[in-house]
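File shown: model_25.cif (mmCIF, C-alpha atoms).
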```cif
data_start
loop_
_atom_site.label_atom_id
_atom_site.label_comp_id
_atom_site.auth_asym_id
_atom_site.auth_seq_id
_atom_site.Cartn_x
_atom_site.Cartn_y
_atom_site.Cartn_z
CA ASP A 1 -9.03 5.96 5.89
CA GLY A 2 -10.61 7.23 9.10
CA GLY A 3 -12.23 3.84 9.75
CA ILE A 4 -8.93 1.99 10.19
CA THR A 5 -6.81 2.52 13.27
CA GLN A 6 -3.35 1.17 14.00
CA SER A 7 -1.56 1.35 17.29
CA PRO A 8 0.91 2.21 18.49
CA LYS A 9 2.32 4.74 16.03
CA TYR A 10 5.86 3.81 17.15
CA LEU A 11 6.97 0.56 18.74
CA PHE A 12 10.34 -0.44 20.10
CA ARG A 13 11.42 -4.07 20.29
CA LYS A 14 14.22 -5.54 22.32
CA GLU A 15 16.20 -8.55 21.19
CA GLY A 16 14.29 -11.80 21.71
CA GLN A 17 11.01 -10.03 22.38
CA ASN A 18 7.66 -10.63 20.71
CA VAL A 19 5.62 -7.52 20.02
CA THR A 20 2.04 -7.13 18.79
CA LEU A 21 0.74 -4.46 16.43
CA SER A 22 -2.93 -3.60 16.58
CA CYS A 23 -5.26 -3.04 13.63
CA GLU A 24 -8.94 -2.21 14.12
CA GLN A 25 -11.61 -1.28 11.57
CA ASN A 26 -15.19 -0.09 11.82
CA LEU A 27 -15.96 -0.34 8.11
CA ASN A 28 -17.56 -3.78 8.33
CA HIS A 29 -15.24 -5.22 5.67
CA ASP A 30 -14.43 -8.92 5.72
CA ALA A 31 -10.91 -8.93 4.26
CA MET A 32 -7.93 -7.50 6.12
CA TYR A 33 -4.24 -7.42 5.23
CA TRP A 34 -0.81 -6.74 6.75
CA TYR A 35 2.01 -5.27 4.67
CA ARG A 36 5.57 -4.36 5.43
CA GLN A 37 7.25 -1.33 3.80
CA ASP A 38 11.02 -0.90 3.61
CA PRO A 39 12.90 1.98 1.95
CA GLY A 40 13.36 1.38 -1.77
CA GLN A 41 11.01 -1.62 -1.81
CA GLY A 42 7.37 -1.96 -2.65
CA LEU A 43 4.83 -2.96 -0.03
CA ARG A 44 5.12 -6.68 0.69
CA LEU A 45 2.25 -8.82 1.93
CA ILE A 46 2.78 -10.58 5.26
CA TYR A 47 -0.63 -12.15 6.03
CA TYR A 48 -4.23 -11.68 5.01
CA SER A 49 -7.60 -12.78 6.29
CA GLN A 50 -10.76 -12.97 4.23
CA ILE A 51 -13.06 -14.04 7.05
CA VAL A 52 -13.12 -14.43 10.80
CA ASN A 53 -11.10 -17.39 12.13
CA ASP A 54 -9.28 -17.84 8.82
CA PHE A 55 -6.04 -16.33 7.53
CA GLN A 56 -3.44 -17.04 4.85
CA LYS A 57 0.30 -16.47 4.55
CA GLY A 58 1.47 -13.80 2.18
CA ASP A 59 4.85 -13.48 0.53
CA ILE A 60 6.94 -12.84 3.67
CA ALA A 61 5.14 -14.57 6.57
CA GLU A 62 8.21 -16.06 8.27
CA GLY A 63 8.73 -14.60 11.75
CA TYR A 64 5.19 -13.23 11.98
CA SER A 65 1.88 -14.53 13.31
CA VAL A 66 -1.71 -13.27 13.22
CA SER A 67 -5.15 -14.01 14.61
CA ARG A 68 -8.64 -13.07 13.47
CA GLU A 69 -11.06 -13.69 16.29
CA LYS A 70 -13.29 -10.70 15.49
CA LYS A 71 -14.27 -9.09 12.21
CA GLU A 72 -13.05 -5.72 13.46
CA SER A 73 -9.58 -6.78 14.59
CA PHE A 74 -6.52 -8.31 12.92
CA PRO A 75 -3.47 -8.09 15.21
CA LEU A 76 0.03 -8.88 13.95
CA THR A 77 2.71 -10.35 16.22
CA VAL A 78 6.33 -9.88 15.26
CA THR A 79 8.13 -12.78 16.87
CA SER A 80 11.75 -13.12 17.93
CA ALA A 81 12.25 -15.31 14.86
CA GLN A 82 11.96 -12.21 12.64
CA LYS A 83 15.58 -11.15 12.47
CA ASN A 84 15.09 -7.88 10.61
CA PRO A 85 11.86 -6.40 11.98
CA THR A 86 12.66 -2.71 11.54
CA ALA A 87 10.10 -1.44 9.03
CA PHE A 88 6.86 0.48 8.56
CA TYR A 89 3.88 -1.85 9.00
CA LEU A 90 0.61 -1.13 7.25
CA CYS A 91 -2.79 -2.69 7.79
CA ALA A 92 -5.39 -2.58 5.03
CA VAL A 93 -9.00 -3.57 4.47
CA SER A 94 -10.56 -4.56 1.18
CA GLY A 95 -13.32 -2.19 0.19
CA ARG A 96 -15.57 -1.83 -2.83
CA GLU A 97 -12.89 -0.59 -5.22
CA THR A 98 -9.56 -1.42 -3.67
CA GLN A 99 -7.66 -1.82 -0.43
CA TYR A 100 -7.72 1.07 2.03
CA PHE A 101 -4.83 1.57 4.40
CA GLY A 102 -4.43 2.55 8.02
CA PRO A 103 -1.92 5.14 9.25
CA GLY A 104 0.85 2.59 9.95
CA THR A 105 3.10 1.53 12.81
CA ARG A 106 6.85 2.10 12.71
CA LEU A 107 8.74 -0.69 14.45
CA LEU A 108 12.27 -0.03 15.64
CA VAL A 109 14.76 -2.36 17.32
CA LEU A 110 16.57 -1.26 20.48
CA GLU B 1 4.87 -13.79 -11.30
CA ASP B 2 3.18 -10.38 -11.32
CA GLN B 3 5.56 -7.43 -11.55
CA VAL B 4 5.23 -3.67 -11.33
CA THR B 5 7.99 -1.21 -12.28
CA GLN B 6 7.66 2.51 -11.67
CA SER B 7 9.73 5.27 -13.21
CA PRO B 8 11.35 7.58 -12.52
CA GLU B 9 12.33 6.75 -8.95
CA ALA B 10 12.35 10.45 -8.12
CA LEU B 11 11.13 13.55 -9.93
CA ARG B 12 11.62 17.20 -9.13
CA LEU B 13 9.32 19.73 -10.79
CA GLN B 14 8.81 23.46 -10.62
CA GLU B 15 5.35 24.61 -9.67
CA GLY B 16 3.21 24.60 -12.82
CA GLU B 17 5.55 22.26 -14.73
CA SER B 18 3.41 19.35 -15.95
CA SER B 19 4.82 15.83 -16.20
CA SER B 20 3.94 12.12 -16.13
CA LEU B 21 4.81 9.17 -13.94
CA ASN B 22 5.04 5.71 -15.46
CA CYS B 23 3.91 2.33 -14.16
CA SER B 24 4.79 -0.72 -16.29
CA TYR B 25 3.28 -4.03 -15.34
CA THR B 26 3.13 -7.71 -16.18
CA VAL B 27 0.25 -9.69 -14.76
CA SER B 28 -1.54 -12.90 -15.60
CA GLY B 29 -4.81 -11.20 -16.43
CA LEU B 30 -5.49 -7.76 -15.00
CA ARG B 31 -8.36 -7.31 -12.58
CA GLY B 32 -7.39 -3.75 -11.73
CA LEU B 33 -4.57 -1.22 -11.56
CA PHE B 34 -4.44 1.14 -8.61
CA TRP B 35 -2.75 4.45 -7.88
CA TYR B 36 -2.06 5.65 -4.35
CA ARG B 37 -0.46 8.73 -2.87
CA GLN B 38 1.72 8.36 0.23
CA ASP B 39 2.97 11.20 2.41
CA PRO B 40 6.02 10.60 4.64
CA GLY B 41 5.20 8.53 7.72
CA LYS B 42 1.59 7.92 6.66
CA GLY B 43 -0.43 5.16 5.06
CA PRO B 44 -1.13 5.21 1.32
CA GLU B 45 -4.17 7.20 0.23
CA PHE B 46 -6.25 5.74 -2.59
CA LEU B 47 -6.45 7.80 -5.79
CA PHE B 48 -7.72 5.74 -8.74
CA THR B 49 -8.68 2.29 -9.98
CA LEU B 50 -8.40 1.46 -13.68
CA TYR B 51 -9.84 -1.76 -15.06
CA SER B 52 -9.31 -1.89 -18.81
CA ALA B 53 -7.05 -0.48 -21.53
CA GLY B 54 -8.19 2.92 -22.72
CA GLU B 55 -9.76 3.86 -19.42
CA GLU B 56 -8.97 7.29 -17.95
CA LYS B 57 -9.80 8.87 -14.60
CA GLU B 58 -9.24 12.39 -13.31
CA LYS B 59 -9.10 14.07 -9.94
CA GLU B 60 -8.11 17.71 -9.66
CA ARG B 61 -4.63 18.00 -11.23
CA LEU B 62 -4.18 14.25 -11.63
CA LYS B 63 -5.19 12.07 -14.56
CA ALA B 64 -4.54 8.32 -14.77
CA THR B 65 -4.53 6.37 -18.01
CA LEU B 66 -4.14 2.67 -18.80
CA THR B 67 -2.82 0.60 -21.70
CA LYS B 68 -2.25 -3.15 -21.90
CA LYS B 69 1.31 -2.78 -20.62
CA GLU B 70 1.49 0.42 -18.60
CA SER B 71 -0.27 3.20 -16.82
CA PHE B 72 0.57 6.89 -16.63
CA LEU B 73 -0.23 9.36 -13.92
CA HIS B 74 -0.27 12.79 -15.51
CA ILE B 75 0.16 15.78 -13.23
CA THR B 76 -0.98 19.08 -14.73
CA ALA B 77 0.33 22.35 -13.30
CA PRO B 78 1.47 20.75 -10.04
CA LYS B 79 1.58 22.60 -6.74
CA PRO B 80 3.91 22.05 -3.77
CA GLU B 81 1.15 20.19 -1.96
CA ASP B 82 1.30 17.51 -4.67
CA SER B 83 4.71 16.51 -3.32
CA ALA B 84 4.47 12.87 -2.17
CA THR B 85 5.37 9.34 -3.19
CA TYR B 86 3.01 7.89 -5.77
CA LEU B 87 2.51 4.12 -5.68
CA CYS B 88 1.14 1.87 -8.39
CA ALA B 89 -0.26 -1.61 -7.75
CA VAL B 90 -1.92 -4.37 -9.78
CA GLN B 91 -4.39 -7.06 -8.90
CA ALA B 92 -4.56 -10.24 -10.96
CA LEU B 93 -7.71 -12.02 -12.02
CA THR B 94 -6.35 -15.30 -10.67
CA GLY B 95 -4.97 -16.04 -7.23
CA GLY B 96 -6.68 -15.83 -3.89
CA GLY B 97 -7.21 -13.03 -1.48
CA ASN B 98 -7.46 -10.13 -3.93
CA LYS B 99 -3.77 -9.53 -3.35
CA LEU B 100 -2.03 -6.41 -4.66
CA THR B 101 1.47 -6.30 -6.12
CA PHE B 102 3.12 -2.92 -5.62
CA GLY B 103 5.84 -1.01 -7.39
CA THR B 104 8.51 0.85 -5.45
CA GLY B 105 6.97 4.24 -6.09
CA THR B 106 7.93 7.59 -7.59
CA GLN B 107 8.94 10.29 -5.14
CA LEU B 108 7.67 13.63 -6.45
CA LYS B 109 8.93 16.98 -5.20
CA VAL B 110 7.25 20.16 -6.46
CA GLU B 111 9.14 23.36 -5.76
CA LEU B 112 8.05 27.00 -5.83
#
```
Written as structure tokens, that's how I'd like the structure from this file.
Amino acid sequence: DGGITQSPKYLFRKEGQNVTLSCEQNLNHDAMYWYRQDPGQGLRLIYYSQIVNDFQKGDIAEGYSVSREKKESFPLTVTSAQKNPTAFYLCAVSGRETQYFGPGTRLLVL
Amino acid sequence: EDQVTQSPEALRLQEGESSSLNCSYTVSGLRGLFWYRQDPGKGPEFLFTLYSAGEEKEKERLKATLTKKESFLHITAPKPEDSATYLCAVQALTGGGNKLTFGTGTQLKVEL
């Protein structure tokens, strides 16, 4: 969806480093989501936020943190506690019919 | 616990050779079933939402159908540009956040 941007497209993390993935939307939707995609597995929900200044853990929240200070933005931080961070990370917003996804960020470990 | 199983994992078709992808699900009350298309290295692209058994939706060469236990994505006379991974997801009536539960996808390759 052209109204959802994720940056960077590729991100490299060193051992012990925290990194932050950006997700911005101009669709004026309240709910935003973060998913992780690994080969051979379905998308798994990390965190979601239904309104500014509120967010909930998903199925695999350990080692991740989020904030929702603005309606347009929902950044995801991958902390050093996440021992297997290599994956494709997808941000989504909840629209009228379903969730619409951004282009994704691929996180690799150096 | 909501579950989604997609089959086959991979499918290779000749151009023009019609086929169907399957999505079996168990959910504690279905709010909606969703089909997405995902190209390599990109985010999923929304295709269809189905809400109740018997419902059908079409878009170009794709047609999605829904029963109480499964959904089919029928591809009629596919072209190479239909090659992608097709994802199925369900949303339950109960539970917060309008969360989706995804299957692992069917990787479709259409050859000339």
task = Kindly resolve the PyMOL selection byres ((chain B and resi 71-88) around 7) on the present coordinates and return the residues as a ChimeraX atom specification.
result = /B:15-24,34-39,61-67,70,89,102-112
request  = Give as an MDAnalysis selection string every residue of chain A that touches chain B within 6 Å, counting only C-alpha atoms.
outcome  = chainID A and resid 41:43 101:104
request  = Find the spatial neighbours of Gln25 in chain A, counting all atoms listed in the file, within a cut-off of 9 Å - ignore same-chain residues fewer than 6 positions away - and output them as a VMD selection string.
outcome  = chain A and resid 2 to 6 71 to 74 93 102
task = Between A:Gln37, A:Thr105, A:Glu15, A:Ser94, single out the one closest to Ser49 in chain A, counting only C-alpha atoms.
result = A:Ser94
request  = For CA of Arg13 in chain A and CA of Met32 in chain A, determine how far apart the two atoms are, in Å to one decimal place.
outcome  = 24.2 Å
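Relative to CA of Glu58 in chain B, CA of Cys91 in chain A is found at 26.7 Å.
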request  = Could you tell me which residues the PyMOL selection byres ((chain A and resi 16) around 8) returns for this structure, as an NGL selection string?
outcome  = :A and (14-15 or 17-18 or 79-81)
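Picture a line from CA of Val19 in chain A to CA of Ile60 in chain A; it runs 17.2 Å.
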request  = Quick one: residues within 9 Å of (-11.3, -5.2, 2.6) (file frame), counting all atoms listed in the file, please, as number ranges by chain.
outcome  = A: 27-33, 50, 92-96, 98-100
Please dump the current selection as a short mmCIF file (atom, residue, chain, number, x, y, z; two decimals), in the frame of the given file; keep C-alpha atoms.
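As written to disk, selection.cif reads:
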```cif
data_model
loop_
_atom_site.label_atom_id
_atom_site.label_comp_id
_atom_site.auth_asym_id
_atom_site.auth_seq_id
_atom_site.Cartn_x
_atom_site.Cartn_y
_atom_site.Cartn_z
CA LEU A 27 -15.96 -0.34 8.11
CA ASN A 28 -17.56 -3.78 8.33
CA HIS A 29 -15.24 -5.22 5.67
CA ASP A 30 -14.43 -8.92 5.72
CA ALA A 31 -10.91 -8.93 4.26
CA MET A 32 -7.93 -7.50 6.12
CA TYR A 33 -4.24 -7.42 5.23
CA GLN A 50 -10.76 -12.97 4.23
CA ALA A 92 -5.39 -2.58 5.03
CA VAL A 93 -9.00 -3.57 4.47
CA SER A 94 -10.56 -4.56 1.18
CA GLY A 95 -13.32 -2.19 0.19
CA ARG A 96 -15.57 -1.83 -2.83
CA THR A 98 -9.56 -1.42 -3.67
CA GLN A 99 -7.66 -1.82 -0.43
CA TYR A 100 -7.72 1.07 2.03
#
```
